[in-house]
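First the structure, in the form of structure tokens, and then the observations on it.
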Amino acid sequence: MAEREVEHLLIYGANRFGSAVGWLTRWPVTREAYVVVTPGEPDILFVDFYNHVPNAARMATEADVRACEGRGIELPLAALRERGAAGRRVGVIGPVPWRAAGALADVAGALVSLDADYARLRLVKSAEELEWLRIGCELTDRGLAALAAGARPGVDERELGALVEAAYLGRGGTTHIHYFAATSMERPAMAVPAQWPSARRLQAGDALVCELSAAWWEHPGQVLRTFTVAAEPTALYGELHAVAEEAFDGIAARLRPGATAAELVEASSVIEDAGFTIRDDLVHGFVGGYLPPVLGTRSRALGAVPDFTFGAGMTVVVQPNVVTRDETAGVQTGELLLVTESGAARLHEAPPGLLAVG
């Protein structure tokens, strides 16, 4: 805030989205939440719904917790006025709705987005964050182990999600994502996990691809694996996975302080050399948001390779989703890694490789 010459800051989140609210107050956003931050003053956390306020007060013990009273940004704006923010530069983090943003602009002299500054702060994890993150990774590993134990012919994708969640909900974990893709290895028609499950039942001879993230208080792990279902891998799936493993190993070997995004993209060239491409992102920062850098390969990049250098304490998902050029078949392997002074370190204990179920 000082660097951006901002004396007051408004943070917004809604519908379980808005990681800055939880990072500063410990309140995982439910319906809607605003945080007013003024250096030297207690943070004020405004919460909706009204019945969520008692729980928020028990959790956000360093903040002055108040109800929004169904009035949206009205009470946060009143608090900003009381603190002398009228006509001054006010910082903003989060997707403030346009009506609320208009009302905020009428009060402030200028609005200054601090979203990028916030993302940069989240890149390097503290020792306390890593302690919580290791719990999130362990819960994610439990979900993967439950999937491996329970997936078999006849189980549909919705039931796969129930298997995964049952492994960590009783231990205080929450679901960040669980995505699946199942298709015949002989007649493949799906190359990347789906965000919404289908009612398709697993069959002998399928490939099952998954992407799982269980969280401990907004600190999620992430593992991506491919299984064969009651069958040996076909030649195509064996080759796809071998290339994915080679790409993962090459990227992980280069992931160290001082490494650049360009180096990691170059390490993925084995994918194109083998005649394949990718659909999902190759590498992305994670925990505290979907963080920089977000990288593709030379055949699948949404933009120029960013000028980005990795540092110790960053957490990065490496996840080569190697697919055929026609995108009918694909595999995925990877996980969340920690950048240390000596290179990439595993945070998960899930078994690597092309796995088997059923």
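Naming scheme: A, B, ... for chains in displayed order of the structure tokens; residues 1 onward per chain; ligands 1 onward as shown.
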Please, which residues in stretch 70-137 of chain A fall within 9 Å of stretch 9-28 of chain A when counting only C-alpha atoms, and what is the closest atom pair and distance in Å to one decimal for each, ordered by chain then residue number, as JSON lines?
```
{"residue": "A:Pro76", "atom": "CA", "partner": "A:Leu10", "partner_atom": "CA", "distance": 8.2}
{"residue": "A:Leu80", "atom": "CA", "partner": "A:Leu10", "partner_atom": "CA", "distance": 8.6}
{"residue": "A:Arg89", "atom": "CA", "partner": "A:Leu9", "partner_atom": "CA", "distance": 8.9}
{"residue": "A:Val90", "atom": "CA", "partner": "A:Leu9", "partner_atom": "CA", "distance": 5.5}
{"residue": "A:Gly91", "atom": "CA", "partner": "A:Leu9", "partner_atom": "CA", "distance": 4.4}
{"residue": "A:Val92", "atom": "CA", "partner": "A:Leu10", "partner_atom": "CA", "distance": 5.0}
{"residue": "A:Ile93", "atom": "CA", "partner": "A:Ile11", "partner_atom": "CA", "distance": 4.7}
{"residue": "A:Gly94", "atom": "CA", "partner": "A:Tyr12", "partner_atom": "CA", "distance": 4.9}
{"residue": "A:Pro95", "atom": "CA", "partner": "A:Tyr12", "partner_atom": "CA", "distance": 6.5}
{"residue": "A:Val96", "atom": "CA", "partner": "A:Tyr12", "partner_atom": "CA", "distance": 6.0}
{"residue": "A:Val112", "atom": "CA", "partner": "A:Leu9", "partner_atom": "CA", "distance": 9.0}
{"residue": "A:Leu114", "atom": "CA", "partner": "A:Leu9", "partner_atom": "CA", "distance": 8.8}
{"residue": "A:Tyr118", "atom": "CA", "partner": "A:Ala20", "partner_atom": "CA", "distance": 7.7}
```
Would you save the residues of that selection, restricted to C-alpha atoms, as a short mmCIF file (atom, residue, chain, number, x, y, z; two decimals), in the first residue's frame?
```
data_model
loop_
_atom_site.label_atom_id
_atom_site.label_comp_id
_atom_site.auth_asym_id
_atom_site.auth_seq_id
_atom_site.Cartn_x
_atom_site.Cartn_y
_atom_site.Cartn_z
CA PRO A 76 -17.94 -0.76 4.01
CA LEU A 80 -14.06 4.13 4.60
CA ARG A 89 -6.53 6.94 -3.34
CA VAL A 90 -8.19 3.64 -2.33
CA GLY A 91 -6.69 0.29 -3.19
CA VAL A 92 -8.86 -2.62 -4.32
CA ILE A 93 -8.28 -6.39 -4.32
CA GLY A 94 -10.86 -8.78 -5.75
CA PRO A 95 -13.71 -8.71 -8.31
CA VAL A 96 -15.86 -5.95 -6.86
CA VAL A 112 -5.89 1.56 -7.52
CA LEU A 114 -3.61 -4.14 -6.05
CA TYR A 118 -1.34 -9.35 -3.97
#
```
Practice prompt. List every residue of stretch 26-102 of chain A that DSSP, applied to the backbone of this structure, assigns to helix (DSSP H, G or I), and report them as a VMD selection string.
Written response: chain A and resid 50 to 59 74 to 82 98 to 102
Show me a table, sorted first by chain and then by increasing residue number, of the residues of stretch 152-246 of chain A having an atom at most 9 Å from stretch 288-295 of chain A, each with its shortest atom pair and the distance in Å to one decimal, counting only C-alpha atoms and written as a Markdown table.
```
| residue | atom | partner | partner_atom | distance |
| --- | --- | --- | --- | --- |
| A:Glu218 | CA | A:Gly288 | CA | 7.5 |
| A:His219 | CA | A:Gly288 | CA | 7.4 |
| A:Pro220 | CA | A:Gly288 | CA | 9.0 |
```
N, CA and C atoms of the current selection, written as a JSON list (two decimals), in the first residue's frame:
```json
[["chain", "number", "residue", "atom", "x", "y", "z"],
["A", 218, "GLU", "N", -7.92, -23.44, 2.63],
["A", 218, "GLU", "CA", -7.51, -22.75, 1.41],
["A", 218, "GLU", "C", -6.04, -22.97, 1.05],
["A", 219, "HIS", "N", -5.48, -24.08, 1.52],
["A", 219, "HIS", "CA", -4.12, -24.48, 1.14],
["A", 219, "HIS", "C", -4.21, -25.86, 0.50],
["A", 220, "PRO", "N", -4.47, -25.91, -0.82],
["A", 220, "PRO", "CA", -4.70, -27.19, -1.49],
["A", 220, "PRO", "C", -3.43, -27.80, -2.06]]
```
Fill in: Residues of stretch 278-326 of chain A in strand (DSSP E), written as number ranges by chain
A: 278, 283-286, 290-295, 315-318, 322-323
Those same residues - C-alpha atoms - I'd like them written as a PDB file, in the first residue's frame.
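The result, written out as selection_17.pdb:
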```
ATOM      1  CA  ILE A 278      -0.993 -30.605 -24.853  1.00  0.00           C
ATOM      2  CA  VAL A 283       3.083 -25.377 -15.516  1.00  0.00           C
ATOM      3  CA  HIS A 284       1.396 -22.882 -13.241  1.00  0.00           C
ATOM      4  CA  GLY A 285       1.960 -21.324  -9.846  1.00  0.00           C
ATOM      5  CA  PHE A 286      -0.503 -22.458  -7.200  1.00  0.00           C
ATOM      6  CA  TYR A 290      -3.835 -19.715  -9.992  1.00  0.00           C
ATOM      7  CA  LEU A 291      -0.524 -17.882  -9.929  1.00  0.00           C
ATOM      8  CA  PRO A 292       2.177 -16.900 -12.406  1.00  0.00           C
ATOM      9  CA  PRO A 293       3.758 -18.215 -14.456  1.00  0.00           C
ATOM     10  CA  VAL A 294       1.143 -20.007 -16.562  1.00  0.00           C
ATOM     11  CA  LEU A 295       3.065 -21.856 -19.268  1.00  0.00           C
ATOM     12  CA  THR A 315       4.970 -23.666  -5.152  1.00  0.00           C
ATOM     13  CA  VAL A 316       4.366 -24.796  -8.710  1.00  0.00           C
ATOM     14  CA  VAL A 317       2.201 -27.448 -10.375  1.00  0.00           C
ATOM     15  CA  VAL A 318       3.990 -29.322 -13.167  1.00  0.00           C
ATOM     16  CA  VAL A 322       0.142 -35.066 -23.346  1.00  0.00           C
ATOM     17  CA  VAL A 323      -2.485 -35.580 -26.054  1.00  0.00           C
TER      18      VAL A 323
END
```
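Here the question is which of A:Leu208, A:Ala344, A:Ala244, A:Val107 gets nearest to A:Arg88 using only C-alpha atoms, and that residue is A:Val107.
Of the residues listed (A:Asp281, A:Gly303, A:Gln319, A:Gly311), A:Gln319 shows the shortest atom-to-atom separation from A:Asp249; distances use only C-alpha atoms.
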Practice prompt. One decimal, Å: what's the distance from atom CA of A:Gly296 over to atom CA of A:Asp280, could you say?
Written response: 7.9 Å
How close does stretch 200-264 of chain A get to stretch 271-274 of chain A? List, as JSON lines, each residue of stretch 200-264 of chain A within 12 Å, its nearest atom pair and the distance in Å to one decimal, counting only C-alpha atoms.
```
{"residue": "A:Leu236", "atom": "CA", "partner": "A:Ala274", "partner_atom": "CA", "distance": 11.7}
{"residue": "A:Glu239", "atom": "CA", "partner": "A:Ala274", "partner_atom": "CA", "distance": 8.9}
{"residue": "A:Leu240", "atom": "CA", "partner": "A:Ala274", "partner_atom": "CA", "distance": 8.9}
{"residue": "A:His241", "atom": "CA", "partner": "A:Ile271", "partner_atom": "CA", "distance": 10.5}
{"residue": "A:Ala242", "atom": "CA", "partner": "A:Ile271", "partner_atom": "CA", "distance": 10.0}
{"residue": "A:Val243", "atom": "CA", "partner": "A:Ile271", "partner_atom": "CA", "distance": 6.2}
{"residue": "A:Ala244", "atom": "CA", "partner": "A:Ile271", "partner_atom": "CA", "distance": 7.3}
{"residue": "A:Glu245", "atom": "CA", "partner": "A:Ile271", "partner_atom": "CA", "distance": 10.1}
{"residue": "A:Glu246", "atom": "CA", "partner": "A:Ile271", "partner_atom": "CA", "distance": 8.6}
{"residue": "A:Ala247", "atom": "CA", "partner": "A:Ile271", "partner_atom": "CA", "distance": 6.9}
{"residue": "A:Phe248", "atom": "CA", "partner": "A:Ile271", "partner_atom": "CA", "distance": 10.3}
{"residue": "A:Gly250", "atom": "CA", "partner": "A:Ile271", "partner_atom": "CA", "distance": 11.1}
{"residue": "A:Ile251", "atom": "CA", "partner": "A:Ile271", "partner_atom": "CA", "distance": 11.9}
```
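Taking only C-alpha atoms into account, A:Val6 lies nearest to A:Thr38 out of the set A:Thr38, A:Cys137, A:Arg171, A:Gln332.
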Worksheet item: Got a sec: who's within 8 Å of A:Gly330, counting only C-alpha atoms, leaving out chain neighbours fewer than 3 positions off, as a PyMOL selection string?
Response: chain A and resi 190-192+237+240+321-324+327
Would you export the selected residues with C-alpha atoms as an mmCIF file, in the first residue's frame, please?
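Here's the written file again.cif:
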```
data_model
loop_
_atom_site.group_PDB
_atom_site.id
_atom_site.type_symbol
_atom_site.label_atom_id
_atom_site.label_comp_id
_atom_site.auth_asym_id
_atom_site.auth_seq_id
_atom_site.Cartn_x
_atom_site.Cartn_y
_atom_site.Cartn_z
ATOM 1 C CA MET A 190 -11.551 -37.798 -24.472
ATOM 2 C CA ALA A 191 -8.126 -36.288 -23.881
ATOM 3 C CA VAL A 192 -8.434 -34.087 -20.789
ATOM 4 C CA TYR A 237 -1.313 -44.894 -24.018
ATOM 5 C CA LEU A 240 1.717 -40.961 -24.306
ATOM 6 C CA ASN A 321 -1.228 -33.325 -20.270
ATOM 7 C CA VAL A 322 0.142 -35.066 -23.346
ATOM 8 C CA VAL A 323 -2.485 -35.580 -26.054
ATOM 9 C CA THR A 324 -2.648 -36.732 -29.648
ATOM 10 C CA GLU A 327 -7.139 -34.639 -29.152
#
```
Fill in: Surrounding residues of A:Glu341 excluding itself and chain neighbours under 4 positions, 9 Å, only C-alpha atoms, as a ChimeraX atom specification
/A:256-257,311-313
Would you output that residue set with N, CA and C atoms, as a PDB file, in the first residue's frame?
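The resulting file, selection.pdb, is reproduced below:
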```
ATOM      1  N   ARG A 256      14.401 -24.605 -10.121  1.00  0.00           N
ATOM      2  CA  ARG A 256      15.305 -24.212  -9.041  1.00  0.00           C
ATOM      3  C   ARG A 256      15.348 -22.690  -8.985  1.00  0.00           C
ATOM      4  N   PRO A 257      15.828 -22.107  -7.905  1.00  0.00           N
ATOM      5  CA  PRO A 257      15.964 -20.643  -7.877  1.00  0.00           C
ATOM      6  C   PRO A 257      16.845 -20.162  -9.029  1.00  0.00           C
ATOM      7  N   GLY A 311      11.931 -18.495  -7.686  1.00  0.00           N
ATOM      8  CA  GLY A 311      12.671 -18.277  -6.458  1.00  0.00           C
ATOM      9  C   GLY A 311      12.316 -19.314  -5.419  1.00  0.00           C
ATOM     10  N   ALA A 312      13.170 -19.462  -4.413  1.00  0.00           N
ATOM     11  CA  ALA A 312      12.919 -20.415  -3.328  1.00  0.00           C
ATOM     12  C   ALA A 312      11.638 -20.039  -2.601  1.00  0.00           C
ATOM     13  N   GLY A 313      10.860 -21.053  -2.233  1.00  0.00           N
ATOM     14  CA  GLY A 313       9.613 -20.833  -1.520  1.00  0.00           C
ATOM     15  C   GLY A 313       8.393 -20.774  -2.406  1.00  0.00           C
TER      16      GLY A 313
END
```
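Near A:Glu69, within 8 Å and counting only C-alpha atoms, sit Asp48, Phe49 and Tyr50 of chain A; same-chain residues fewer than 5 positions away were not included.
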Discussion item. Would you pick out the contacts of A:Arg325 at 9 Å or less, using only C-alpha atoms, so that residues sharing its chain but fewer than 4 positions from it are not included, and give the list as a PyMOL selection string?
Written reply: chain A and resi 275-278+329
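One finds atom CA of A:Thr174 at 25.3 Å from atom CA of A:Arg201.
Candidate residues A:Ala79, A:Glu32, A:Ala215, A:Gly154 were compared for distance to A:Pro97, and the nearest is A:Glu32, using only C-alpha atoms.
Every protein or nucleic acid residue with an atom no more than 10 Å from A:Ser184, counting only C-alpha atoms and leaving out same-chain residues fewer than 6 positions away, appears here: Met190, Leu202, Gln203, Ala204, Gly205, Asp206, Ala207, Leu208, Thr228, Val229 and Ala329 of chain A.
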Item to complete: Return the single residue from A:Val223, A:Leu264, A:Ala33, A:Val305 that is closest to A:Gly334, with distances computed using only C-alpha atoms.
Response: A:Val223
